[in-house]
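Text of model.pdb (PDB, C-alpha atoms and all ligand atoms) as supplied:
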```pdb
ATOM      1  CA  MET R 199       0.000   0.000   0.000  1.00  0.00           C
ATOM      2  CA  ASN R 200       1.051   3.558  -0.705  1.00  0.00           C
ATOM      3  CA  PRO R 201       2.966   4.849   2.368  1.00  0.00           C
ATOM      4  CA  LYS R 202       0.842   8.000   2.302  1.00  0.00           C
ATOM      5  CA  ALA R 203      -2.356   5.980   2.776  1.00  0.00           C
ATOM      6  CA  ALA R 204      -4.346   5.760   5.997  1.00  0.00           C
ATOM      7  CA  LEU R 205      -7.421   3.729   6.820  1.00  0.00           C
ATOM      8  CA  LEU R 206      -9.966   5.804   8.784  1.00  0.00           C
ATOM      9  CA  ILE R 207     -12.528   3.594  10.508  1.00  0.00           C
ATOM     10  CA  VAL R 208     -15.547   5.599  11.569  1.00  0.00           C
ATOM     11  CA  ASP R 209     -17.675   4.957  14.684  1.00  0.00           C
ATOM     12  CA  VAL R 210     -17.806   1.143  14.861  1.00  0.00           C
ATOM     13  CA  GLN R 211     -19.400   1.439  18.302  1.00  0.00           C
ATOM     14  CA  ASN R 212     -22.023  -0.590  20.153  1.00  0.00           C
ATOM     15  CA  ASP R 213     -24.748   2.031  19.838  1.00  0.00           C
ATOM     16  CA  PHE R 214     -24.498   1.990  16.025  1.00  0.00           C
ATOM     17  CA  CYS R 215     -24.684  -1.820  15.855  1.00  0.00           C
ATOM     18  CA  PRO R 216     -27.736  -4.094  16.238  1.00  0.00           C
ATOM     19  CA  GLY R 217     -29.057  -3.815  19.810  1.00  0.00           C
ATOM     20  CA  GLY R 218     -27.606  -0.315  20.193  1.00  0.00           C
ATOM     21  CA  ALA R 219     -29.408   2.965  20.786  1.00  0.00           C
ATOM     22  CA  LEU R 220     -28.991   4.199  17.195  1.00  0.00           C
ATOM     23  CA  ALA R 221     -28.520   0.877  15.440  1.00  0.00           C
ATOM     24  CA  VAL R 222     -27.594   0.946  11.762  1.00  0.00           C
ATOM     25  CA  ALA R 223     -29.046  -2.096   9.944  1.00  0.00           C
ATOM     26  CA  GLU R 224     -26.304  -4.754   9.788  1.00  0.00           C
ATOM     27  CA  GLY R 225     -23.886  -2.303  11.387  1.00  0.00           C
ATOM     28  CA  ASP R 226     -21.778  -5.116  12.789  1.00  0.00           C
ATOM     29  CA  ALA R 227     -21.414  -6.581   9.274  1.00  0.00           C
ATOM     30  CA  VAL R 228     -18.725  -3.977   8.573  1.00  0.00           C
ATOM     31  CA  ILE R 229     -16.320  -5.604  11.029  1.00  0.00           C
ATOM     32  CA  ALA R 230     -15.180  -8.530   8.846  1.00  0.00           C
ATOM     33  CA  PRO R 231     -14.433  -6.342   5.783  1.00  0.00           C
ATOM     34  CA  VAL R 232     -12.763  -3.747   8.036  1.00  0.00           C
ATOM     35  CA  HIS R 233     -10.436  -6.457   9.351  1.00  0.00           C
ATOM     36  CA  ARG R 234      -9.663  -7.610   5.802  1.00  0.00           C
ATOM     37  CA  ALA R 235      -8.981  -4.043   4.700  1.00  0.00           C
ATOM     38  CA  ALA R 236      -6.756  -3.352   7.714  1.00  0.00           C
ATOM     39  CA  GLN R 237      -4.239  -5.942   6.511  1.00  0.00           C
ATOM     40  CA  HIS R 238      -3.407  -3.613   3.620  1.00  0.00           C
ATOM     41  CA  PHE R 239      -2.591  -0.536   5.718  1.00  0.00           C
ATOM     42  CA  ASP R 240       0.362   0.594   7.809  1.00  0.00           C
ATOM     43  CA  HIS R 241      -1.664   3.422   9.335  1.00  0.00           C
ATOM     44  CA  ILE R 242      -5.038   2.788  10.938  1.00  0.00           C
ATOM     45  CA  LEU R 243      -7.068   5.549  12.635  1.00  0.00           C
ATOM     46  CA  LEU R 244     -10.352   5.167  14.518  1.00  0.00           C
ATOM     47  CA  THR R 245     -13.051   7.679  15.304  1.00  0.00           C
ATOM     48  CA  GLN R 246     -15.329   7.414  18.332  1.00  0.00           C
ATOM     49  CA  ASP R 247     -18.582   9.359  18.640  1.00  0.00           C
ATOM     50  CA  TRP R 248     -18.392  10.739  22.199  1.00  0.00           C
ATOM     51  CA  HIS R 249     -21.307  12.839  23.432  1.00  0.00           C
ATOM     52  CA  THR R 250     -22.160  14.547  26.703  1.00  0.00           C
ATOM     53  CA  PRO R 251     -25.330  13.148  28.376  1.00  0.00           C
ATOM     54  CA  ASP R 252     -27.439  16.207  27.450  1.00  0.00           C
ATOM     55  CA  HIS R 253     -26.034  16.626  23.968  1.00  0.00           C
ATOM     56  CA  ASN R 254     -27.765  19.091  21.655  1.00  0.00           C
ATOM     57  CA  SER R 255     -28.107  16.455  18.904  1.00  0.00           C
ATOM     58  CA  PHE R 256     -30.360  14.330  21.124  1.00  0.00           C
ATOM     59  CA  ALA R 257     -34.139  14.699  20.749  1.00  0.00           C
ATOM     60  CA  SER R 258     -34.306  14.303  24.536  1.00  0.00           C
ATOM     61  CA  ALA R 259     -32.555  17.681  24.891  1.00  0.00           C
ATOM     62  CA  HIS R 260     -35.412  19.438  23.031  1.00  0.00           C
ATOM     63  CA  PRO R 261     -38.759  19.018  24.826  1.00  0.00           C
ATOM     64  CA  GLY R 262     -41.611  18.425  22.379  1.00  0.00           C
ATOM     65  CA  LYS R 263     -39.321  17.277  19.564  1.00  0.00           C
ATOM     66  CA  LYS R 264     -39.174  13.742  18.222  1.00  0.00           C
ATOM     67  CA  THR R 265     -36.234  11.600  17.181  1.00  0.00           C
ATOM     68  CA  TYR R 266     -35.258  11.968  13.502  1.00  0.00           C
ATOM     69  CA  GLU R 267     -36.977  15.366  13.332  1.00  0.00           C
ATOM     70  CA  GLN R 268     -34.855  18.182  11.896  1.00  0.00           C
ATOM     71  CA  ILE R 269     -34.447  21.469  13.770  1.00  0.00           C
ATOM     72  CA  GLU R 270     -32.487  24.664  13.193  1.00  0.00           C
ATOM     73  CA  LEU R 271     -29.543  25.288  15.476  1.00  0.00           C
ATOM     74  CA  PRO R 272     -27.291  28.379  15.328  1.00  0.00           C
ATOM     75  CA  TYR R 273     -24.975  26.522  12.918  1.00  0.00           C
ATOM     76  CA  GLY R 274     -27.749  25.219  10.635  1.00  0.00           C
ATOM     77  CA  PRO R 275     -30.080  22.224  10.331  1.00  0.00           C
ATOM     78  CA  GLN R 276     -29.568  19.361  12.761  1.00  0.00           C
ATOM     79  CA  THR R 277     -31.292  15.976  12.774  1.00  0.00           C
ATOM     80  CA  LEU R 278     -32.332  14.917  16.282  1.00  0.00           C
ATOM     81  CA  TRP R 279     -31.116  11.451  17.239  1.00  0.00           C
ATOM     82  CA  PRO R 280     -31.905   9.065  20.062  1.00  0.00           C
ATOM     83  CA  ASP R 281     -29.451   9.405  22.949  1.00  0.00           C
ATOM     84  CA  HIS R 282     -26.348   7.521  21.792  1.00  0.00           C
ATOM     85  CA  CYS R 283     -22.621   7.158  22.400  1.00  0.00           C
ATOM     86  CA  VAL R 284     -22.705   8.924  25.746  1.00  0.00           C
ATOM     87  CA  GLN R 285     -19.213   9.355  27.161  1.00  0.00           C
ATOM     88  CA  GLY R 286     -18.161   6.450  29.355  1.00  0.00           C
ATOM     89  CA  THR R 287     -21.188   4.248  28.663  1.00  0.00           C
ATOM     90  CA  PRO R 288     -21.078   0.750  27.099  1.00  0.00           C
ATOM     91  CA  GLY R 289     -22.911   2.105  24.042  1.00  0.00           C
ATOM     92  CA  ALA R 290     -19.940   4.350  23.314  1.00  0.00           C
ATOM     93  CA  ASP R 291     -17.453   1.481  23.443  1.00  0.00           C
ATOM     94  CA  PHE R 292     -16.082   0.048  20.231  1.00  0.00           C
ATOM     95  CA  HIS R 293     -17.884  -3.148  19.214  1.00  0.00           C
ATOM     96  CA  PRO R 294     -16.138  -5.985  21.077  1.00  0.00           C
ATOM     97  CA  ALA R 295     -15.481  -7.898  17.839  1.00  0.00           C
ATOM     98  CA  LEU R 296     -13.448  -4.998  16.427  1.00  0.00           C
ATOM     99  CA  GLN R 297      -9.846  -6.077  16.911  1.00  0.00           C
ATOM    100  CA  LEU R 298      -7.505  -3.337  15.776  1.00  0.00           C
ATOM    101  CA  THR R 299      -4.716  -3.154  18.297  1.00  0.00           C
ATOM    102  CA  ARG R 300      -2.503  -1.705  15.540  1.00  0.00           C
ATOM    103  CA  ALA R 301      -4.614   1.459  15.344  1.00  0.00           C
ATOM    104  CA  GLU R 302      -2.424   4.525  15.853  1.00  0.00           C
ATOM    105  CA  LEU R 303      -5.061   7.103  16.743  1.00  0.00           C
ATOM    106  CA  ILE R 304      -8.478   7.196  18.380  1.00  0.00           C
ATOM    107  CA  LEU R 305     -10.114  10.511  17.529  1.00  0.00           C
ATOM    108  CA  ARG R 306     -13.128  11.414  19.649  1.00  0.00           C
ATOM    109  CA  LYS R 307     -15.742  13.755  18.188  1.00  0.00           C
ATOM    110  CA  GLY R 308     -19.057  15.299  19.200  1.00  0.00           C
ATOM    111  CA  PHE R 309     -17.862  15.989  22.739  1.00  0.00           C
ATOM    112  CA  ARG R 310     -18.958  19.624  22.787  1.00  0.00           C
ATOM    113  CA  ARG R 311     -22.501  19.751  24.155  1.00  0.00           C
ATOM    114  CA  ALA R 312     -23.692  22.435  21.742  1.00  0.00           C
ATOM    115  CA  ILE R 313     -22.323  21.076  18.438  1.00  0.00           C
ATOM    116  CA  ASP R 314     -22.706  17.715  16.731  1.00  0.00           C
ATOM    117  CA  SER R 315     -19.879  16.332  14.627  1.00  0.00           C
ATOM    118  CA  TYR R 316     -20.613  13.954  11.764  1.00  0.00           C
ATOM    119  CA  SER R 317     -17.282  14.550  10.078  1.00  0.00           C
ATOM    120  CA  ALA R 318     -13.980  13.421  11.553  1.00  0.00           C
ATOM    121  CA  PHE R 319     -12.475  16.728  10.328  1.00  0.00           C
ATOM    122  CA  PHE R 320     -14.970  19.472  11.196  1.00  0.00           C
ATOM    123  CA  GLU R 321     -17.896  19.726  13.583  1.00  0.00           C
ATOM    124  CA  ASN R 322     -21.343  20.448  12.169  1.00  0.00           C
ATOM    125  CA  ASP R 323     -20.767  24.205  12.181  1.00  0.00           C
ATOM    126  CA  ARG R 324     -18.323  23.311   9.344  1.00  0.00           C
ATOM    127  CA  THR R 325     -15.574  25.469  10.889  1.00  0.00           C
ATOM    128  CA  THR R 326     -14.563  23.980  14.268  1.00  0.00           C
ATOM    129  CA  ALA R 327     -11.659  21.674  13.451  1.00  0.00           C
ATOM    130  CA  THR R 328     -11.149  18.356  15.234  1.00  0.00           C
ATOM    131  CA  GLY R 329      -7.388  18.416  14.595  1.00  0.00           C
ATOM    132  CA  LEU R 330      -7.384  15.429  12.247  1.00  0.00           C
ATOM    133  CA  ALA R 331      -6.284  17.510   9.254  1.00  0.00           C
ATOM    134  CA  GLY R 332      -3.192  18.657  11.129  1.00  0.00           C
ATOM    135  CA  TYR R 333      -2.460  15.131  12.323  1.00  0.00           C
ATOM    136  CA  LEU R 334      -2.555  13.763   8.774  1.00  0.00           C
ATOM    137  CA  ARG R 335      -0.522  16.674   7.442  1.00  0.00           C
ATOM    138  CA  ASP R 336       2.186  16.319  10.091  1.00  0.00           C
ATOM    139  CA  ARG R 337       2.464  12.616   9.317  1.00  0.00           C
ATOM    140  CA  GLY R 338       2.482  13.057   5.537  1.00  0.00           C
ATOM    141  CA  LEU R 339      -0.708  11.038   5.079  1.00  0.00           C
ATOM    142  CA  THR R 340      -2.556  12.357   2.042  1.00  0.00           C
ATOM    143  CA  ARG R 341      -4.655   9.410   0.890  1.00  0.00           C
ATOM    144  CA  VAL R 342      -7.576   8.526   3.156  1.00  0.00           C
ATOM    145  CA  PHE R 343      -9.564   5.295   2.806  1.00  0.00           C
ATOM    146  CA  LEU R 344     -12.778   5.260   4.811  1.00  0.00           C
ATOM    147  CA  ALA R 345     -14.945   2.532   6.310  1.00  0.00           C
ATOM    148  CA  GLY R 346     -17.478   2.136   9.107  1.00  0.00           C
ATOM    149  CA  LEU R 347     -20.763   3.743  10.191  1.00  0.00           C
ATOM    150  CA  ALA R 348     -22.757   5.268   8.872  1.00  0.00           C
ATOM    151  CA  TYR R 349     -22.055   5.517   5.153  1.00  0.00           C
ATOM    152  CA  ASP R 350     -24.453   8.413   4.551  1.00  0.00           C
ATOM    153  CA  TYR R 351     -23.534  10.427   7.666  1.00  0.00           C
ATOM    154  CA  CYS R 352     -20.209  10.226   9.462  1.00  0.00           C
ATOM    155  CA  VAL R 353     -18.316   8.277   6.794  1.00  0.00           C
ATOM    156  CA  GLY R 354     -19.726  10.420   3.998  1.00  0.00           C
ATOM    157  CA  TYR R 355     -19.194  13.795   5.676  1.00  0.00           C
ATOM    158  CA  SER R 356     -15.641  12.787   6.559  1.00  0.00           C
ATOM    159  CA  ALA R 357     -14.921  11.831   2.949  1.00  0.00           C
ATOM    160  CA  LEU R 358     -16.337  15.125   1.638  1.00  0.00           C
ATOM    161  CA  ASP R 359     -14.240  17.105   4.117  1.00  0.00           C
ATOM    162  CA  ALA R 360     -11.144  15.129   3.154  1.00  0.00           C
ATOM    163  CA  ARG R 361     -11.692  16.276  -0.420  1.00  0.00           C
ATOM    164  CA  ARG R 362     -12.294  19.850   0.755  1.00  0.00           C
ATOM    165  CA  LEU R 363      -8.840  19.671   2.384  1.00  0.00           C
ATOM    166  CA  GLY R 364      -7.226  18.432  -0.813  1.00  0.00           C
ATOM    167  CA  LEU R 365      -6.804  14.827   0.318  1.00  0.00           C
ATOM    168  CA  ASP R 366      -7.672  11.751  -1.716  1.00  0.00           C
ATOM    169  CA  ALA R 367     -10.821  10.147  -0.319  1.00  0.00           C
ATOM    170  CA  ILE R 368     -11.728   6.561  -1.143  1.00  0.00           C
ATOM    171  CA  ILE R 369     -14.682   4.852   0.551  1.00  0.00           C
ATOM    172  CA  LEU R 370     -14.635   1.077   0.975  1.00  0.00           C
ATOM    173  CA  ARG R 371     -18.318   0.569   0.198  1.00  0.00           C
ATOM    174  CA  ASP R 372     -18.595  -3.032   1.404  1.00  0.00           C
ATOM    175  CA  ALA R 373     -17.071  -2.005   4.738  1.00  0.00           C
ATOM    176  CA  CYS R 374     -19.843   0.561   5.406  1.00  0.00           C
ATOM    177  CA  ARG R 375     -23.554   0.401   6.219  1.00  0.00           C
ATOM    178  CA  ALA R 376     -26.047   3.261   5.797  1.00  0.00           C
ATOM    179  CA  ILE R 377     -28.900   4.753   7.820  1.00  0.00           C
ATOM    180  CA  ASP R 378     -30.697   6.004   4.662  1.00  0.00           C
ATOM    181  CA  LEU R 379     -32.945   8.619   6.269  1.00  0.00           C
ATOM    182  CA  ASN R 380     -35.088  10.695   3.847  1.00  0.00           C
ATOM    183  CA  GLY R 381     -32.976   9.917   0.773  1.00  0.00           C
ATOM    184  CA  SER R 382     -29.665  10.525   2.517  1.00  0.00           C
ATOM    185  CA  VAL R 383     -27.807   7.866   0.510  1.00  0.00           C
ATOM    186  CA  ALA R 384     -28.800   9.249  -2.892  1.00  0.00           C
ATOM    187  CA  GLY R 385     -28.102  12.782  -1.679  1.00  0.00           C
ATOM    188  CA  ILE R 386     -24.628  12.129  -0.405  1.00  0.00           C
ATOM    189  CA  GLU R 387     -23.695  10.061  -3.457  1.00  0.00           C
ATOM    190  CA  ARG R 388     -24.476  13.098  -5.614  1.00  0.00           C
ATOM    191  CA  ASP R 389     -22.112  15.077  -3.378  1.00  0.00           C
ATOM    192  CA  PHE R 390     -19.462  12.342  -3.680  1.00  0.00           C
ATOM    193  CA  ALA R 391     -19.581  12.562  -7.462  1.00  0.00           C
ATOM    194  CA  ALA R 392     -19.263  16.351  -7.420  1.00  0.00           C
ATOM    195  CA  ALA R 393     -16.392  16.324  -4.908  1.00  0.00           C
ATOM    196  CA  GLY R 394     -14.394  13.463  -6.401  1.00  0.00           C
ATOM    197  CA  VAL R 395     -14.910  10.987  -3.573  1.00  0.00           C
ATOM    198  CA  GLN R 396     -14.117   7.540  -4.950  1.00  0.00           C
ATOM    199  CA  LEU R 397     -15.887   4.286  -4.094  1.00  0.00           C
ATOM    200  CA  THR R 398     -14.246   0.891  -4.134  1.00  0.00           C
ATOM    201  CA  ASN R 399     -14.448  -2.457  -2.326  1.00  0.00           C
ATOM    202  CA  THR R 400     -12.027  -4.171   0.019  1.00  0.00           C
ATOM    203  CA  ALA R 401     -11.510  -6.984  -2.517  1.00  0.00           C
ATOM    204  CA  ASP R 402     -10.001  -4.415  -4.895  1.00  0.00           C
ATOM    205  CA  LEU R 403      -7.337  -3.211  -2.463  1.00  0.00           C
ATOM    206  CA  SER R 404      -3.844  -4.183  -3.498  1.00  0.00           C
ATOM    207  CA  SER R 405      -1.041  -4.619  -1.031  1.00  0.00           C
TER     208      SER R 405
HETATM  209 ZN    ZN J 501     -23.526  11.131  17.444  1.00  0.00          ZN
END
```
What do you get writing this file as structure tokens?
Ligand SMILES: [Zn+2]
Amino acid sequence: MNPKAALLIVDVQNDFCPGGALAVAEGDAVIAPVHRAAQHFDHILLTQDWHTPDHNSFASAHPGKKTYEQIELPYGPQTLWPDHCVQGTPGADFHPALQLTRAELILRKGFRRAIDSYSAFFENDRTTATGLAGYLRDRGLTRVFLAGLAYDYCVGYSALDARRLGLDAIILRDACRAIDLNGSVAGIERDFAAAGVQLTNTADLSS
């Protein structure tokens, strides 16, 4: 694999897997392809959704609002989610089958109460940086392969931001699962095409 390549594995956490608070259908099915993909990479990075208990992205923080409803926050539209990935709870843990001891970085995101963070690069205000861009730059990593949950939210927004930062962004489609809320898959795939996000499968990775 190209020495400038990194595998970014997004939010493979209990709450996004079957039985979790915000379960993505077949979310745990990404684990086997993620493990296969990992064999091709020298640099593996993980993200971990990591919210305060009263996080602004939770419907429970907005009396009278329902889960999956969209509201306007100071930084723009925000979908309201069930409480999930609360700091220090079992739901926020990585899925126990995920075995990536070689991972070099765990990047936590969404830890500011007032701002959600789908992307691993910028919070949902689109300007507050997580620091990942600087980390990749300092390490000379310019080619980002993405996998994990969910394809049409955190994986997709991370890939689009990678392109915005001038990085190569390649999504391993078979190593992702989607939420598909209100046409979100079709919508983000249009954005992928416009931004130059590439899609491939783990079987097509070469060592
Ligand atoms: Zn979240």
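Shortest separation to ligand ZN 501 (chain J) among R:Gly338, R:Gly394, R:Pro280, R:Gly364 occurs at residue R:Pro280, atoms counted being all atoms listed in the file.
In this comparison, which uses all atoms listed in the file, the residue of R:Gly308, R:Phe292, R:Asp314, R:Pro231 approaching R:Leu278 most closely is R:Asp314.
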Give me the result of the PyMOL selection byres (((not hetatm)) within 8 of (chain J and resi 501)) on this file, residue by residue, as a list in words. Asp247, Trp248, His249, Ser255, Trp279, His282, Cys283, Gly308, Asp314, Ser315 and Tyr316 of chain R
Let's have the selection written as an mmCIF file, in the frame of the given file, with C-alpha atoms.
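The result, written out as out_21.cif:
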```cif
data_model
loop_
_atom_site.group_PDB
_atom_site.id
_atom_site.type_symbol
_atom_site.label_atom_id
_atom_site.label_comp_id
_atom_site.auth_asym_id
_atom_site.auth_seq_id
_atom_site.Cartn_x
_atom_site.Cartn_y
_atom_site.Cartn_z
ATOM 1 C CA ASP R 247 -18.582 9.359 18.640
ATOM 2 C CA TRP R 248 -18.392 10.739 22.199
ATOM 3 C CA HIS R 249 -21.307 12.839 23.432
ATOM 4 C CA SER R 255 -28.107 16.455 18.904
ATOM 5 C CA TRP R 279 -31.116 11.451 17.239
ATOM 6 C CA HIS R 282 -26.348 7.521 21.792
ATOM 7 C CA CYS R 283 -22.621 7.158 22.400
ATOM 8 C CA GLY R 308 -19.057 15.299 19.200
ATOM 9 C CA ASP R 314 -22.706 17.715 16.731
ATOM 10 C CA SER R 315 -19.879 16.332 14.627
ATOM 11 C CA TYR R 316 -20.613 13.954 11.764
#
```
Distance cut-off 10 Å, centre (-24.4, 0.5, 2.5) in file coordinates, counting all atoms listed in the file: which residues qualify? Return them as a PDB file with C-alpha atoms, keeping the file's coordinate frame.
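out.pdb written:
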```
ATOM      1  CA  VAL R 222     -27.594   0.946  11.762  1.00  0.00           C
ATOM      2  CA  ALA R 223     -29.046  -2.096   9.944  1.00  0.00           C
ATOM      3  CA  GLU R 224     -26.304  -4.754   9.788  1.00  0.00           C
ATOM      4  CA  GLY R 225     -23.886  -2.303  11.387  1.00  0.00           C
ATOM      5  CA  VAL R 228     -18.725  -3.977   8.573  1.00  0.00           C
ATOM      6  CA  GLY R 346     -17.478   2.136   9.107  1.00  0.00           C
ATOM      7  CA  LEU R 347     -20.763   3.743  10.191  1.00  0.00           C
ATOM      8  CA  ALA R 348     -22.757   5.268   8.872  1.00  0.00           C
ATOM      9  CA  TYR R 349     -22.055   5.517   5.153  1.00  0.00           C
ATOM     10  CA  ASP R 350     -24.453   8.413   4.551  1.00  0.00           C
ATOM     11  CA  LEU R 370     -14.635   1.077   0.975  1.00  0.00           C
ATOM     12  CA  ARG R 371     -18.318   0.569   0.198  1.00  0.00           C
ATOM     13  CA  ASP R 372     -18.595  -3.032   1.404  1.00  0.00           C
ATOM     14  CA  ALA R 373     -17.071  -2.005   4.738  1.00  0.00           C
ATOM     15  CA  CYS R 374     -19.843   0.561   5.406  1.00  0.00           C
ATOM     16  CA  ARG R 375     -23.554   0.401   6.219  1.00  0.00           C
ATOM     17  CA  ALA R 376     -26.047   3.261   5.797  1.00  0.00           C
ATOM     18  CA  ILE R 377     -28.900   4.753   7.820  1.00  0.00           C
ATOM     19  CA  ASP R 378     -30.697   6.004   4.662  1.00  0.00           C
ATOM     20  CA  VAL R 383     -27.807   7.866   0.510  1.00  0.00           C
TER      21      VAL R 383
END
```
Using all atoms listed in the file, which of R:Leu403, R:Ala357, R:Leu271, R:Ile229 sits nearest R:Asp323? R:Leu271
Ground truth for the PyMOL selection byres (((chain R and resi 204-207) around 6) and not hetatm), written as a PyMOL selection string: chain R and resi 203+208+241-244+342-346
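Rounded to one decimal, atom CA of R:Leu303 and atom CA of R:Val395 lie 22.9 Å from each other.
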Using the file's own x, y and z axes, so that the box edges lie along x, y and z, what centre and edge lengths in Å (one decimal) does a box around every listed atom of stretch 393-398 of chain R get when 4 Å is added on each side? Give it as AutoDock Vina command-line options.
```
--center_x -15.3 --center_y 8.6 --center_z -5.0 --size_x 10.3 --size_y 23.4 --size_z 10.8
```
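Among the candidates R:Asn212, R:Asn254, R:Thr326, R:Ser356, the one nearest to R:Ile369 when counting all atoms listed in the file is R:Ser356.
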From the list R:Pro251, R:Gly289, R:Gly217, R:Pro272, which residue is nearest R:Asn322 when using all atoms listed in the file? R:Pro272
Which is closest to R:Leu339 among R:Ala235, R:Val353, R:Ala367, R:Ala392, if we use only C-alpha atoms? R:Ala367
What would stretch 295-311 of chain R look like with N, CA and C atoms restored, written as a PDB file, in the frame of the given file?
```pdb
ATOM      1  N   ALA R 295     -16.111  -7.069  18.878  1.00  0.00           N
ATOM      2  CA  ALA R 295     -15.481  -7.898  17.839  1.00  0.00           C
ATOM      3  C   ALA R 295     -14.448  -7.118  17.032  1.00  0.00           C
ATOM      4  N   LEU R 296     -14.417  -5.805  17.180  1.00  0.00           N
ATOM      5  CA  LEU R 296     -13.448  -4.998  16.427  1.00  0.00           C
ATOM      6  C   LEU R 296     -12.074  -5.166  17.080  1.00  0.00           C
ATOM      7  N   GLN R 297     -11.169  -5.768  16.362  1.00  0.00           N
ATOM      8  CA  GLN R 297      -9.846  -6.077  16.911  1.00  0.00           C
ATOM      9  C   GLN R 297      -8.792  -5.338  16.100  1.00  0.00           C
ATOM     10  N   LEU R 298      -8.462  -4.146  16.533  1.00  0.00           N
ATOM     11  CA  LEU R 298      -7.505  -3.337  15.776  1.00  0.00           C
ATOM     12  C   LEU R 298      -6.472  -2.747  16.727  1.00  0.00           C
ATOM     13  N   THR R 299      -5.726  -3.628  17.348  1.00  0.00           N
ATOM     14  CA  THR R 299      -4.716  -3.154  18.297  1.00  0.00           C
ATOM     15  C   THR R 299      -3.644  -2.321  17.598  1.00  0.00           C
ATOM     16  N   ARG R 300      -3.522  -2.478  16.265  1.00  0.00           N
ATOM     17  CA  ARG R 300      -2.503  -1.705  15.540  1.00  0.00           C
ATOM     18  C   ARG R 300      -2.920  -0.252  15.301  1.00  0.00           C
ATOM     19  N   ALA R 301      -4.155   0.095  15.618  1.00  0.00           N
ATOM     20  CA  ALA R 301      -4.614   1.459  15.344  1.00  0.00           C
ATOM     21  C   ALA R 301      -3.716   2.472  16.055  1.00  0.00           C
ATOM     22  N   GLU R 302      -3.379   3.535  15.343  1.00  0.00           N
ATOM     23  CA  GLU R 302      -2.424   4.525  15.853  1.00  0.00           C
ATOM     24  C   GLU R 302      -3.096   5.725  16.508  1.00  0.00           C
ATOM     25  N   LEU R 303      -4.362   5.931  16.205  1.00  0.00           N
ATOM     26  CA  LEU R 303      -5.061   7.103  16.743  1.00  0.00           C
ATOM     27  C   LEU R 303      -6.524   6.756  17.003  1.00  0.00           C
ATOM     28  N   ILE R 304      -7.032   7.192  18.139  1.00  0.00           N
ATOM     29  CA  ILE R 304      -8.478   7.196  18.380  1.00  0.00           C
ATOM     30  C   ILE R 304      -8.888   8.657  18.502  1.00  0.00           C
ATOM     31  N   LEU R 305      -9.668   9.119  17.538  1.00  0.00           N
ATOM     32  CA  LEU R 305     -10.114  10.511  17.529  1.00  0.00           C
ATOM     33  C   LEU R 305     -11.552  10.581  18.020  1.00  0.00           C
ATOM     34  N   ARG R 306     -11.768  11.257  19.134  1.00  0.00           N
ATOM     35  CA  ARG R 306     -13.128  11.414  19.649  1.00  0.00           C
ATOM     36  C   ARG R 306     -13.750  12.681  19.077  1.00  0.00           C
ATOM     37  N   LYS R 307     -15.050  12.621  18.810  1.00  0.00           N
ATOM     38  CA  LYS R 307     -15.742  13.755  18.188  1.00  0.00           C
ATOM     39  C   LYS R 307     -17.144  13.873  18.771  1.00  0.00           C
ATOM     40  N   GLY R 308     -17.710  15.059  18.683  1.00  0.00           N
ATOM     41  CA  GLY R 308     -19.057  15.299  19.200  1.00  0.00           C
ATOM     42  C   GLY R 308     -19.086  15.518  20.697  1.00  0.00           C
ATOM     43  N   PHE R 309     -17.925  15.868  21.272  1.00  0.00           N
ATOM     44  CA  PHE R 309     -17.862  15.989  22.739  1.00  0.00           C
ATOM     45  C   PHE R 309     -18.244  17.371  23.242  1.00  0.00           C
ATOM     46  N   ARG R 310     -18.452  18.320  22.338  1.00  0.00           N
ATOM     47  CA  ARG R 310     -18.958  19.624  22.787  1.00  0.00           C
ATOM     48  C   ARG R 310     -20.479  19.561  22.827  1.00  0.00           C
ATOM     49  N   ARG R 311     -21.069  19.932  23.961  1.00  0.00           N
ATOM     50  CA  ARG R 311     -22.501  19.751  24.155  1.00  0.00           C
ATOM     51  C   ARG R 311     -23.330  20.443  23.072  1.00  0.00           C
TER      52      ARG R 311
END
```
